[in-house]
Structure formats: structure tokens, C-alpha cells
Amino acid sequence: MPDTVLPTASPAASVKRIRQRQRRRAPHGLSEQVRVREMLSYLAAALPARTSAAARLLALQCALRSTTAGKVNIPAGLIRGMRIVSEPSAFTELEAAGWLRYPTGPTHAGVSMELLDTAVRMQAPARADRARAANWILRICQMGEIRQLGATPRLLALALAAHPSDETGTPAAEQEVLARMCGLPLQQLTPLLDMLVTTRFLRSWAHGAVPEDLHWELARHAHLTGSFSGLESGRVT
């Protein structure tokens, strides 16, 4: 999916941008973190601005687990693991937005849906790669520091965790982009960041020299990747 999709981009333009970026990427593809960040960015443009955090978490799983025909099967265990089962409106919300269609409501076995988003259905990464990104999301959302929180702080925690350093060692994003990824008014970021410090998902956060910048430090990384541990700084610029 594209690194950043502008809200005004048409589906055709989005697909063209996907193809262009795929040709420029390294042969080994994207890490789970970057793939999730790009999908969050895409969904920020593809879904209505008022889409709830629970619906965005569900959309992430659907987009990353879909077939090229747009078919998605979400097991009941995954729905419980994402804590979406307590917010059934997430399904109807995405259906009302014209983003997916599902013939029946969730059952004890799970739910089957059809994605209607053409750009998502045309994404090139192999299903195994996308499935790893979907499982990475589940790992983050099940971390003890945030699993008992509501969908909104969990989505923000996921967005923060999905911002690894780029080639220069500096994460690249804007504070406004971070809020848009989560469907949040900008003024709600501060109390949610404080909440994530209180639960010890974040070690700390602070505004940068420019008020639009944010700096934060994740408290641990055991669930982020298998290749590093300890603390890593992140910055939204």
C-alpha cells in the first residue's frame, strides 16, 4: 500500500501510486511495521474521517488478510483477540461506508466478508507477508500494557509502534498525520499519550522544538520485531 495517500486521491490514482512504489522497493519488501504504517495511512484516506477506532482496527485485519478476490475470513478468536467483539458496530460501520459487505453477522466461528475497496484488493505483497503484518498487529494489541484499554488508545499505540526509523535513523511523519491515522482530533493526542505513559506502553513523550513535532520512547520492544530489544526512540515530524 502507498506510504501516504492523500484524501483527495481517486482509487485509480491510488492503484497507480501502488504500482510505482512497488517498482522502487527493495526485493525483500517491507517489514511488518512499515506495512502496517502504510495501511494505516491508506485507510486514513479511504475511510470516512469519523470512522471509529474499532472499525479501523477491523479494517486493518480485513485489508491484510483478504484474497485478491476480496474475500476475508476472520476467525472468532481473532475478533476476540482484537477486542472487537464488544463493539459490533465496527462491522456495520464499514459496511455503511461502502468499504465491505458481509452477508451475516459474526458467529461463534467467526465472520466472512467481501472487501469492496479496489485498491486494497489489488495490493501486490504476497498473502504470507500481509498475514505476518496482520499477526504483528494482533501481538501489539494484546500487549499487557494496553490490552485492557479501549480501541482508541490501542490504535494510537499501534500507530506509534508502526513508526520505525527510516534510512537516516529518523522516523518520518507529521503530528497531524498521526492523528489522522487514528481518526482523532489533534487535541485528543496529548491525553492519550499521557495514558500510554501511565500504562507503561510509552516510557515518555514530548513536543519537539517545533510544536508540530512529537518525540516518544517505547518502553519495550519484545513484541515489535524479533531482531532487536531494549528501548528505541521515535519522532513524529
# chains A, B, ... in the order shown; residues from 1 in each chain; ligands from 1

$ residues_around --residues "Pro48 of chain A" --least-positions-apart "2" --cutoff "12 Å" --atoms "only C-alpha atoms" --output "JSON, numbers by chain"
{"A": [7, 42, 43, 44, 45, 46, 50, 51, 52, 53, 55, 56, 93, 94, 95, 96, 97, 98, 99, 180, 181, 182, 183, 184]}

$ write_last_selection --atoms "C-alpha atoms" --output "PDB file, in the first residue's frame"
ATOM      1  CA  PRO A   7      -7.571  12.220   0.995  1.00  0.00           C
ATOM      2  CA  TYR A  42      -4.141   4.444   3.257  1.00  0.00           C
ATOM      3  CA  LEU A  43      -7.187   3.771   5.419  1.00  0.00           C
ATOM      4  CA  ALA A  44      -7.000   7.335   6.765  1.00  0.00           C
ATOM      5  CA  ALA A  45      -7.822   8.434   3.216  1.00  0.00           C
ATOM      6  CA  ALA A  46     -10.088   5.563   2.163  1.00  0.00           C
ATOM      7  CA  ARG A  50     -15.276   9.867  11.617  1.00  0.00           C
ATOM      8  CA  THR A  51     -14.659   6.105  11.353  1.00  0.00           C
ATOM      9  CA  SER A  52     -14.224   4.700  14.865  1.00  0.00           C
ATOM     10  CA  ALA A  53     -11.001   3.179  16.164  1.00  0.00           C
ATOM     11  CA  ALA A  55     -13.699  -0.098  12.781  1.00  0.00           C
ATOM     12  CA  ARG A  56     -10.186   0.958  11.764  1.00  0.00           C
ATOM     13  CA  GLU A  93     -19.844   0.954  10.223  1.00  0.00           C
ATOM     14  CA  LEU A  94     -17.525  -0.329   7.489  1.00  0.00           C
ATOM     15  CA  GLU A  95     -20.455  -1.709   5.535  1.00  0.00           C
ATOM     16  CA  ALA A  96     -22.290   1.625   5.739  1.00  0.00           C
ATOM     17  CA  ALA A  97     -19.142   3.308   4.404  1.00  0.00           C
ATOM     18  CA  GLY A  98     -19.278   1.043   1.349  1.00  0.00           C
ATOM     19  CA  TRP A  99     -15.910  -0.463   2.227  1.00  0.00           C
ATOM     20  CA  ARG A 180      -5.464  11.315  11.027  1.00  0.00           C
ATOM     21  CA  MET A 181      -4.262   7.700  11.027  1.00  0.00           C
ATOM     22  CA  CYS A 182      -6.280   7.177  14.209  1.00  0.00           C
ATOM     23  CA  GLY A 183      -9.266   9.319  13.203  1.00  0.00           C
ATOM     24  CA  LEU A 184      -8.559  11.674  16.125  1.00  0.00           C
TER      25      LEU A 184
END

$ residues_around --residues "segment 120-134 of chain A" --least-positions-apart "3" --cutoff "6 Å" --atoms "only C-alpha atoms" --output "PDB file with N, CA, C and O atoms, in the first residue's frame"
ATOM      1  N   GLU A  32       6.985  -5.706   8.802  1.00  0.00           N
ATOM      2  CA  GLU A  32       5.605  -5.662   9.289  1.00  0.00           C
ATOM      3  C   GLU A  32       5.240  -4.257   9.753  1.00  0.00           C
ATOM      4  O   GLU A  32       4.133  -3.772   9.490  1.00  0.00           O
ATOM      5  N   GLN A  61      -7.237  -5.554   9.732  1.00  0.00           N
ATOM      6  CA  GLN A  61      -7.191  -7.009   9.634  1.00  0.00           C
ATOM      7  C   GLN A  61      -7.793  -7.492   8.315  1.00  0.00           C
ATOM      8  O   GLN A  61      -7.249  -8.387   7.655  1.00  0.00           O
ATOM      9  N   LEU A  64      -5.391  -6.719   5.317  1.00  0.00           N
ATOM     10  CA  LEU A  64      -4.172  -7.517   5.295  1.00  0.00           C
ATOM     11  C   LEU A  64      -4.435  -9.007   5.124  1.00  0.00           C
ATOM     12  O   LEU A  64      -3.530  -9.762   4.761  1.00  0.00           O
ATOM     13  N   ARG A  65      -5.663  -9.453   5.371  1.00  0.00           N
ATOM     14  CA  ARG A  65      -5.984 -10.871   5.275  1.00  0.00           C
ATOM     15  C   ARG A  65      -6.846 -11.221   4.056  1.00  0.00           C
ATOM     16  O   ARG A  65      -7.217 -12.375   3.874  1.00  0.00           O
ATOM     17  N   THR A  68      -7.157 -11.843  -3.362  1.00  0.00           N
ATOM     18  CA  THR A  68      -7.242 -10.909  -4.486  1.00  0.00           C
ATOM     19  C   THR A  68      -8.673 -10.729  -4.950  1.00  0.00           C
ATOM     20  O   THR A  68      -8.999  -9.715  -5.575  1.00  0.00           O
ATOM     21  N   GLY A  70     -11.027 -10.359  -2.880  1.00  0.00           N
ATOM     22  CA  GLY A  70     -11.673  -9.549  -1.854  1.00  0.00           C
ATOM     23  C   GLY A  70     -12.347 -10.349  -0.762  1.00  0.00           C
ATOM     24  O   GLY A  70     -13.061  -9.776   0.065  1.00  0.00           O
ATOM     25  N   ASP A 117     -13.147  -2.379  -1.579  1.00  0.00           N
ATOM     26  CA  ASP A 117     -12.110  -1.404  -1.879  1.00  0.00           C
ATOM     27  C   ASP A 117     -11.182  -1.977  -2.947  1.00  0.00           C
ATOM     28  O   ASP A 117     -10.411  -2.889  -2.700  1.00  0.00           O
ATOM     29  N   ILE A 137       0.046  -6.916  14.232  1.00  0.00           N
ATOM     30  CA  ILE A 137      -0.976  -6.043  14.822  1.00  0.00           C
ATOM     31  C   ILE A 137      -1.596  -6.713  16.037  1.00  0.00           C
ATOM     32  O   ILE A 137      -1.758  -6.099  17.101  1.00  0.00           O
TER      33      ILE A 137
END

$ select_by_dssp --residues "segment 69-194 of chain A" --states "helix (DSSP H, G or I)" --output "NGL selection string"
:A and (76-81 or 89-96 or 118-121 or 127-141 or 151-161 or 175-181 or 186-194)

$ write_last_selection --atoms "C-alpha atoms" --output "PDB file, in the first residue's frame"
ATOM      1  CA  ALA A  76     -13.802 -15.659  16.126  1.00  0.00           C
ATOM      2  CA  GLY A  77     -10.598 -15.976  18.152  1.00  0.00           C
ATOM      3  CA  LEU A  78      -9.013 -13.131  16.225  1.00  0.00           C
ATOM      4  CA  ILE A  79     -12.075 -10.945  16.765  1.00  0.00           C
ATOM      5  CA  ARG A  80     -11.841 -11.643  20.496  1.00  0.00           C
ATOM      6  CA  GLY A  81      -8.085 -11.024  20.466  1.00  0.00           C
ATOM      7  CA  SER A  89     -20.948  -1.604  15.227  1.00  0.00           C
ATOM      8  CA  ALA A  90     -17.467  -1.840  13.687  1.00  0.00           C
ATOM      9  CA  PHE A  91     -18.819  -4.267  11.088  1.00  0.00           C
ATOM     10  CA  THR A  92     -21.900  -2.241  10.211  1.00  0.00           C
ATOM     11  CA  GLU A  93     -19.844   0.954  10.223  1.00  0.00           C
ATOM     12  CA  LEU A  94     -17.525  -0.329   7.489  1.00  0.00           C
ATOM     13  CA  GLU A  95     -20.455  -1.709   5.535  1.00  0.00           C
ATOM     14  CA  ALA A  96     -22.290   1.625   5.739  1.00  0.00           C
ATOM     15  CA  THR A 118     -10.462  -1.940  -5.275  1.00  0.00           C
ATOM     16  CA  ALA A 119      -7.054  -0.573  -4.271  1.00  0.00           C
ATOM     17  CA  VAL A 120      -6.798  -2.913  -1.298  1.00  0.00           C
ATOM     18  CA  ARG A 121      -7.770  -5.892  -3.435  1.00  0.00           C
ATOM     19  CA  ARG A 127      -0.564 -13.078   1.331  1.00  0.00           C
ATOM     20  CA  ALA A 128       2.044 -14.600   3.651  1.00  0.00           C
ATOM     21  CA  ASP A 129       3.746 -11.209   4.032  1.00  0.00           C
ATOM     22  CA  ARG A 130       0.438  -9.474   4.680  1.00  0.00           C
ATOM     23  CA  ALA A 131      -0.583 -12.181   7.149  1.00  0.00           C
ATOM     24  CA  ARG A 132       2.611 -11.581   9.134  1.00  0.00           C
ATOM     25  CA  ALA A 133       1.734  -7.882   9.340  1.00  0.00           C
ATOM     26  CA  ALA A 134      -1.794  -8.772  10.486  1.00  0.00           C
ATOM     27  CA  ASN A 135      -0.389 -11.059  13.179  1.00  0.00           C
ATOM     28  CA  TRP A 136       2.040  -8.321  14.252  1.00  0.00           C
ATOM     29  CA  ILE A 137      -0.976  -6.043  14.822  1.00  0.00           C
ATOM     30  CA  LEU A 138      -2.556  -8.712  16.993  1.00  0.00           C
ATOM     31  CA  ARG A 139       0.662  -9.062  19.011  1.00  0.00           C
ATOM     32  CA  ILE A 140       0.809  -5.333  19.687  1.00  0.00           C
ATOM     33  CA  CYS A 141      -2.854  -5.059  20.656  1.00  0.00           C
ATOM     34  CA  ALA A 151      -9.964   0.765  20.921  1.00  0.00           C
ATOM     35  CA  THR A 152      -8.784   4.372  20.531  1.00  0.00           C
ATOM     36  CA  PRO A 153      -5.658   4.226  22.764  1.00  0.00           C
ATOM     37  CA  ARG A 154      -4.835   0.777  21.383  1.00  0.00           C
ATOM     38  CA  LEU A 155      -4.997   2.129  17.827  1.00  0.00           C
ATOM     39  CA  LEU A 156      -2.732   5.036  18.771  1.00  0.00           C
ATOM     40  CA  ALA A 157      -0.286   2.631  20.430  1.00  0.00           C
ATOM     41  CA  LEU A 158      -0.256   0.589  17.230  1.00  0.00           C
ATOM     42  CA  ALA A 159       0.385   3.689  15.112  1.00  0.00           C
ATOM     43  CA  LEU A 160       3.303   4.680  17.363  1.00  0.00           C
ATOM     44  CA  ALA A 161       4.784   1.198  17.242  1.00  0.00           C
ATOM     45  CA  GLN A 175       1.753  15.013  14.209  1.00  0.00           C
ATOM     46  CA  GLU A 176      -1.345  15.778  12.135  1.00  0.00           C
ATOM     47  CA  VAL A 177      -0.775  12.616  10.107  1.00  0.00           C
ATOM     48  CA  LEU A 178      -0.561  10.543  13.290  1.00  0.00           C
ATOM     49  CA  ALA A 179      -3.909  11.939  14.443  1.00  0.00           C
ATOM     50  CA  ARG A 180      -5.464  11.315  11.027  1.00  0.00           C
ATOM     51  CA  MET A 181      -4.262   7.700  11.027  1.00  0.00           C
ATOM     52  CA  LEU A 186      -5.432  16.770  17.167  1.00  0.00           C
ATOM     53  CA  GLN A 187      -6.257  17.985  20.692  1.00  0.00           C
ATOM     54  CA  GLN A 188      -7.001  14.424  21.834  1.00  0.00           C
ATOM     55  CA  LEU A 189      -3.446  13.226  21.236  1.00  0.00           C
ATOM     56  CA  THR A 190      -2.000  14.657  24.463  1.00  0.00           C
ATOM     57  CA  PRO A 191      -4.326  12.885  26.951  1.00  0.00           C
ATOM     58  CA  LEU A 192      -3.990   9.623  25.037  1.00  0.00           C
ATOM     59  CA  LEU A 193      -0.191   9.861  25.003  1.00  0.00           C
ATOM     60  CA  ASP A 194      -0.273  10.526  28.747  1.00  0.00           C
TER      61      ASP A 194
END

$ select_by_dssp --residues "segment 27-229 of chain A" --states "strand (DSSP E or B)" --output "PyMOL selection string"
chain A and resi 71-75+100-101+107+110-115+202-207+214-218

$ write_last_selection --atoms "N, CA, C and O atoms" --output "mmCIF file, in the first residue's frame"
data_model
loop_
_atom_site.group_PDB
_atom_site.id
_atom_site.type_symbol
_atom_site.label_atom_id
_atom_site.label_comp_id
_atom_site.auth_asym_id
_atom_site.auth_seq_id
_atom_site.Cartn_x
_atom_site.Cartn_y
_atom_site.Cartn_z
ATOM 1 N N LYS A 71 -12.126 -11.656 -0.721
ATOM 2 C CA LYS A 71 -12.749 -12.485 0.298
ATOM 3 C C LYS A 71 -11.928 -12.446 1.585
ATOM 4 O O LYS A 71 -10.704 -12.529 1.553
ATOM 5 N N VAL A 72 -12.625 -12.330 2.707
ATOM 6 C CA VAL A 72 -11.949 -12.276 4.007
ATOM 7 C C VAL A 72 -12.675 -13.173 4.989
ATOM 8 O O VAL A 72 -13.906 -13.092 5.128
ATOM 9 N N ASN A 73 -11.930 -14.033 5.655
ATOM 10 C CA ASN A 73 -12.479 -14.850 6.742
ATOM 11 C C ASN A 73 -11.757 -14.480 8.033
ATOM 12 O O ASN A 73 -10.543 -14.661 8.141
ATOM 13 N N ILE A 74 -12.506 -13.952 8.976
ATOM 14 C CA ILE A 74 -11.926 -13.542 10.252
ATOM 15 C C ILE A 74 -12.391 -14.519 11.328
ATOM 16 O O ILE A 74 -13.581 -14.565 11.662
ATOM 17 N N PRO A 75 -11.483 -15.326 11.892
ATOM 18 C CA PRO A 75 -11.877 -16.288 12.936
ATOM 19 C C PRO A 75 -12.377 -15.568 14.179
ATOM 20 O O PRO A 75 -11.965 -14.443 14.484
ATOM 21 N N LEU A 100 -16.891 -2.604 2.820
ATOM 22 C CA LEU A 100 -17.000 -4.061 2.778
ATOM 23 C C LEU A 100 -18.463 -4.475 2.822
ATOM 24 O O LEU A 100 -19.357 -3.664 3.071
ATOM 25 N N ARG A 101 -18.692 -5.755 2.573
ATOM 26 C CA ARG A 101 -20.045 -6.304 2.647
ATOM 27 C C ARG A 101 -19.949 -7.669 3.314
ATOM 28 O O ARG A 101 -19.080 -8.469 2.997
ATOM 29 N N THR A 107 -20.508 -14.908 14.060
ATOM 30 C CA THR A 107 -20.997 -16.118 14.708
ATOM 31 C C THR A 107 -19.912 -16.655 15.631
ATOM 32 O O THR A 107 -18.833 -16.067 15.748
ATOM 33 N N GLY A 110 -16.758 -17.156 13.633
ATOM 34 C CA GLY A 110 -16.105 -16.012 13.028
ATOM 35 C C GLY A 110 -17.047 -15.309 12.062
ATOM 36 O O GLY A 110 -18.271 -15.391 12.196
ATOM 37 N N VAL A 111 -16.480 -14.653 11.068
ATOM 38 C CA VAL A 111 -17.290 -13.906 10.108
ATOM 39 C C VAL A 111 -16.580 -13.892 8.760
ATOM 40 O O VAL A 111 -15.361 -13.836 8.684
ATOM 41 N N SER A 112 -17.369 -14.007 7.694
ATOM 42 C CA SER A 112 -16.848 -13.938 6.332
ATOM 43 C C SER A 112 -17.356 -12.655 5.694
ATOM 44 O O SER A 112 -18.525 -12.305 5.835
ATOM 45 N N MET A 113 -16.460 -11.957 4.989
ATOM 46 C CA MET A 113 -16.802 -10.674 4.404
ATOM 47 C C MET A 113 -16.224 -10.559 3.009
ATOM 48 O O MET A 113 -15.379 -11.358 2.600
ATOM 49 N N GLU A 114 -16.695 -9.549 2.289
ATOM 50 C CA GLU A 114 -16.150 -9.229 0.969
ATOM 51 C C GLU A 114 -15.702 -7.770 0.966
ATOM 52 O O GLU A 114 -16.486 -6.877 1.255
ATOM 53 N N LEU A 115 -14.425 -7.537 0.632
ATOM 54 C CA LEU A 115 -13.915 -6.181 0.540
ATOM 55 C C LEU A 115 -14.359 -5.556 -0.777
ATOM 56 O O LEU A 115 -14.281 -6.187 -1.832
ATOM 57 N N LEU A 202 4.435 3.552 26.724
ATOM 58 C CA LEU A 202 5.468 4.542 26.408
ATOM 59 C C LEU A 202 6.285 4.821 27.657
ATOM 60 O O LEU A 202 5.747 4.879 28.755
ATOM 61 N N ARG A 203 7.578 5.025 27.456
ATOM 62 C CA ARG A 203 8.407 5.461 28.577
ATOM 63 C C ARG A 203 8.237 6.958 28.788
ATOM 64 O O ARG A 203 8.188 7.439 29.924
ATOM 65 N N SER A 204 8.143 7.714 27.672
ATOM 66 C CA SER A 204 7.964 9.157 27.744
ATOM 67 C C SER A 204 7.577 9.687 26.383
ATOM 68 O O SER A 204 7.683 8.982 25.368
ATOM 69 N N TRP A 205 7.107 10.929 26.366
ATOM 70 C CA TRP A 205 6.877 11.640 25.111
ATOM 71 C C TRP A 205 7.029 13.132 25.375
ATOM 72 O O TRP A 205 6.917 13.583 26.513
ATOM 73 N N ALA A 206 7.302 13.888 24.338
ATOM 74 C CA ALA A 206 7.467 15.334 24.485
ATOM 75 C C ALA A 206 7.313 15.992 23.125
ATOM 76 O O ALA A 206 7.552 15.368 22.085
ATOM 77 N N HIS A 207 6.900 17.261 23.141
ATOM 78 C CA HIS A 207 6.897 18.053 21.917
ATOM 79 C C HIS A 207 8.331 18.407 21.560
ATOM 80 O O HIS A 207 9.179 18.594 22.438
ATOM 81 N N LEU A 214 6.549 15.639 17.568
ATOM 82 C CA LEU A 214 6.429 14.831 18.781
ATOM 83 C C LEU A 214 7.626 13.907 18.879
ATOM 84 O O LEU A 214 8.105 13.394 17.881
ATOM 85 N N HIS A 215 8.099 13.700 20.096
ATOM 86 C CA HIS A 215 9.125 12.700 20.374
ATOM 87 C C HIS A 215 8.528 11.705 21.362
ATOM 88 O O HIS A 215 7.832 12.104 22.291
ATOM 89 N N TRP A 216 8.789 10.440 21.178
ATOM 90 C CA TRP A 216 8.342 9.468 22.175
ATOM 91 C C TRP A 216 9.336 8.328 22.264
ATOM 92 O O TRP A 216 10.176 8.135 21.393
ATOM 93 N N GLU A 217 9.244 7.600 23.360
ATOM 94 C CA GLU A 217 10.110 6.452 23.596
ATOM 95 C C GLU A 217 9.242 5.277 24.012
ATOM 96 O O GLU A 217 8.524 5.345 25.006
ATOM 97 N N LEU A 218 9.314 4.206 23.244
ATOM 98 C CA LEU A 218 8.572 2.994 23.580
ATOM 99 C C LEU A 218 9.253 2.292 24.756
ATOM 100 O O LEU A 218 10.478 2.235 24.827
#

$ atom_distance --atom1 "atom CA of Ile84 of chain A" --atom2 "atom CA of Leu58 of chain A"
7.3 Å

$ atom_distance --atom1 "atom CA of Leu40 of chain A" --atom2 "atom CA of Leu60 of chain A"
7.3 Å

$ decode --residues "segment 67-96 of chain A" --atoms "N, CA and C atoms" --output "PDB file, in the first residue's frame"
ATOM      1  N   THR A  67      -8.127 -11.947   0.158  1.00  0.00           N
ATOM      2  CA  THR A  67      -7.625 -12.554  -1.069  1.00  0.00           C
ATOM      3  C   THR A  67      -7.708 -11.514  -2.183  1.00  0.00           C
ATOM      4  N   THR A  68      -7.157 -11.843  -3.362  1.00  0.00           N
ATOM      5  CA  THR A  68      -7.242 -10.909  -4.486  1.00  0.00           C
ATOM      6  C   THR A  68      -8.673 -10.729  -4.950  1.00  0.00           C
ATOM      7  N   ALA A  69      -9.530 -11.694  -4.641  1.00  0.00           N
ATOM      8  CA  ALA A  69     -10.956 -11.567  -4.986  1.00  0.00           C
ATOM      9  C   ALA A  69     -11.714 -10.761  -3.946  1.00  0.00           C
ATOM     10  N   GLY A  70     -11.027 -10.359  -2.880  1.00  0.00           N
ATOM     11  CA  GLY A  70     -11.673  -9.549  -1.854  1.00  0.00           C
ATOM     12  C   GLY A  70     -12.347 -10.349  -0.762  1.00  0.00           C
ATOM     13  N   LYS A  71     -12.126 -11.656  -0.721  1.00  0.00           N
ATOM     14  CA  LYS A  71     -12.749 -12.485   0.298  1.00  0.00           C
ATOM     15  C   LYS A  71     -11.928 -12.446   1.585  1.00  0.00           C
ATOM     16  N   VAL A  72     -12.625 -12.330   2.707  1.00  0.00           N
ATOM     17  CA  VAL A  72     -11.949 -12.276   4.007  1.00  0.00           C
ATOM     18  C   VAL A  72     -12.675 -13.173   4.989  1.00  0.00           C
ATOM     19  N   ASN A  73     -11.930 -14.033   5.655  1.00  0.00           N
ATOM     20  CA  ASN A  73     -12.479 -14.850   6.742  1.00  0.00           C
ATOM     21  C   ASN A  73     -11.757 -14.480   8.033  1.00  0.00           C
ATOM     22  N   ILE A  74     -12.506 -13.952   8.976  1.00  0.00           N
ATOM     23  CA  ILE A  74     -11.926 -13.542  10.252  1.00  0.00           C
ATOM     24  C   ILE A  74     -12.391 -14.519  11.328  1.00  0.00           C
ATOM     25  N   PRO A  75     -11.483 -15.326  11.892  1.00  0.00           N
ATOM     26  CA  PRO A  75     -11.877 -16.288  12.936  1.00  0.00           C
ATOM     27  C   PRO A  75     -12.377 -15.568  14.179  1.00  0.00           C
ATOM     28  N   ALA A  76     -13.251 -16.244  14.904  1.00  0.00           N
ATOM     29  CA  ALA A  76     -13.802 -15.659  16.126  1.00  0.00           C
ATOM     30  C   ALA A  76     -12.705 -15.352  17.137  1.00  0.00           C
ATOM     31  N   GLY A  77     -11.684 -16.201  17.211  1.00  0.00           N
ATOM     32  CA  GLY A  77     -10.598 -15.976  18.152  1.00  0.00           C
ATOM     33  C   GLY A  77      -9.858 -14.685  17.865  1.00  0.00           C
ATOM     34  N   LEU A  78      -9.691 -14.368  16.579  1.00  0.00           N
ATOM     35  CA  LEU A  78      -9.013 -13.131  16.225  1.00  0.00           C
ATOM     36  C   LEU A  78      -9.865 -11.925  16.601  1.00  0.00           C
ATOM     37  N   ILE A  79     -11.167 -12.034  16.387  1.00  0.00           N
ATOM     38  CA  ILE A  79     -12.075 -10.945  16.765  1.00  0.00           C
ATOM     39  C   ILE A  79     -12.000 -10.698  18.261  1.00  0.00           C
ATOM     40  N   ARG A  80     -11.961 -11.794  19.043  1.00  0.00           N
ATOM     41  CA  ARG A  80     -11.841 -11.643  20.496  1.00  0.00           C
ATOM     42  C   ARG A  80     -10.487 -11.057  20.865  1.00  0.00           C
ATOM     43  N   GLY A  81      -9.417 -11.518  20.173  1.00  0.00           N
ATOM     44  CA  GLY A  81      -8.085 -11.024  20.466  1.00  0.00           C
ATOM     45  C   GLY A  81      -7.940  -9.532  20.196  1.00  0.00           C
ATOM     46  N   MET A  82      -8.642  -9.035  19.181  1.00  0.00           N
ATOM     47  CA  MET A  82      -8.616  -7.611  18.873  1.00  0.00           C
ATOM     48  C   MET A  82      -9.614  -6.828  19.718  1.00  0.00           C
ATOM     49  N   ARG A  83     -10.404  -7.556  20.537  1.00  0.00           N
ATOM     50  CA  ARG A  83     -11.423  -6.933  21.396  1.00  0.00           C
ATOM     51  C   ARG A  83     -12.432  -6.135  20.576  1.00  0.00           C
ATOM     52  N   ILE A  84     -12.737  -6.646  19.376  1.00  0.00           N
ATOM     53  CA  ILE A  84     -13.733  -6.006  18.516  1.00  0.00           C
ATOM     54  C   ILE A  84     -15.116  -6.567  18.808  1.00  0.00           C
ATOM     55  N   VAL A  85     -15.163  -7.754  19.409  1.00  0.00           N
ATOM     56  CA  VAL A  85     -16.440  -8.406  19.649  1.00  0.00           C
ATOM     57  C   VAL A  85     -17.351  -7.564  20.529  1.00  0.00           C
ATOM     58  N   SER A  86     -16.754  -6.727  21.382  1.00  0.00           N
ATOM     59  CA  SER A  86     -17.568  -5.894  22.267  1.00  0.00           C
ATOM     60  C   SER A  86     -18.095  -4.648  21.563  1.00  0.00           C
ATOM     61  N   GLU A  87     -17.660  -4.436  20.321  1.00  0.00           N
ATOM     62  CA  GLU A  87     -18.099  -3.269  19.569  1.00  0.00           C
ATOM     63  C   GLU A  87     -18.590  -3.717  18.197  1.00  0.00           C
ATOM     64  N   PRO A  88     -19.760  -4.401  18.146  1.00  0.00           N
ATOM     65  CA  PRO A  88     -20.256  -4.958  16.884  1.00  0.00           C
ATOM     66  C   PRO A  88     -20.540  -3.906  15.829  1.00  0.00           C
ATOM     67  N   SER A  89     -20.678  -2.647  16.212  1.00  0.00           N
ATOM     68  CA  SER A  89     -20.948  -1.604  15.227  1.00  0.00           C
ATOM     69  C   SER A  89     -19.790  -1.434  14.256  1.00  0.00           C
ATOM     70  N   ALA A  90     -18.614  -1.957  14.594  1.00  0.00           N
ATOM     71  CA  ALA A  90     -17.467  -1.840  13.687  1.00  0.00           C
ATOM     72  C   ALA A  90     -17.774  -2.472  12.341  1.00  0.00           C
ATOM     73  N   PHE A  91     -18.475  -3.600  12.337  1.00  0.00           N
ATOM     74  CA  PHE A  91     -18.819  -4.267  11.088  1.00  0.00           C
ATOM     75  C   PHE A  91     -19.805  -3.432  10.274  1.00  0.00           C
ATOM     76  N   THR A  92     -20.882  -3.008  10.921  1.00  0.00           N
ATOM     77  CA  THR A  92     -21.900  -2.241  10.211  1.00  0.00           C
ATOM     78  C   THR A  92     -21.371  -0.877   9.789  1.00  0.00           C
ATOM     79  N   GLU A  93     -20.439  -0.343  10.554  1.00  0.00           N
ATOM     80  CA  GLU A  93     -19.844   0.954  10.223  1.00  0.00           C
ATOM     81  C   GLU A  93     -19.081   0.876   8.903  1.00  0.00           C
ATOM     82  N   LEU A  94     -18.279  -0.176   8.729  1.00  0.00           N
ATOM     83  CA  LEU A  94     -17.525  -0.329   7.489  1.00  0.00           C
ATOM     84  C   LEU A  94     -18.440  -0.669   6.322  1.00  0.00           C
ATOM     85  N   GLU A  95     -19.505  -1.395   6.595  1.00  0.00           N
ATOM     86  CA  GLU A  95     -20.455  -1.709   5.535  1.00  0.00           C
ATOM     87  C   GLU A  95     -21.207  -0.455   5.103  1.00  0.00           C
ATOM     88  N   ALA A  96     -21.591   0.371   6.064  1.00  0.00           N
ATOM     89  CA  ALA A  96     -22.290   1.625   5.739  1.00  0.00           C
ATOM     90  C   ALA A  96     -21.403   2.568   4.939  1.00  0.00           C
TER      91      ALA A  96
END
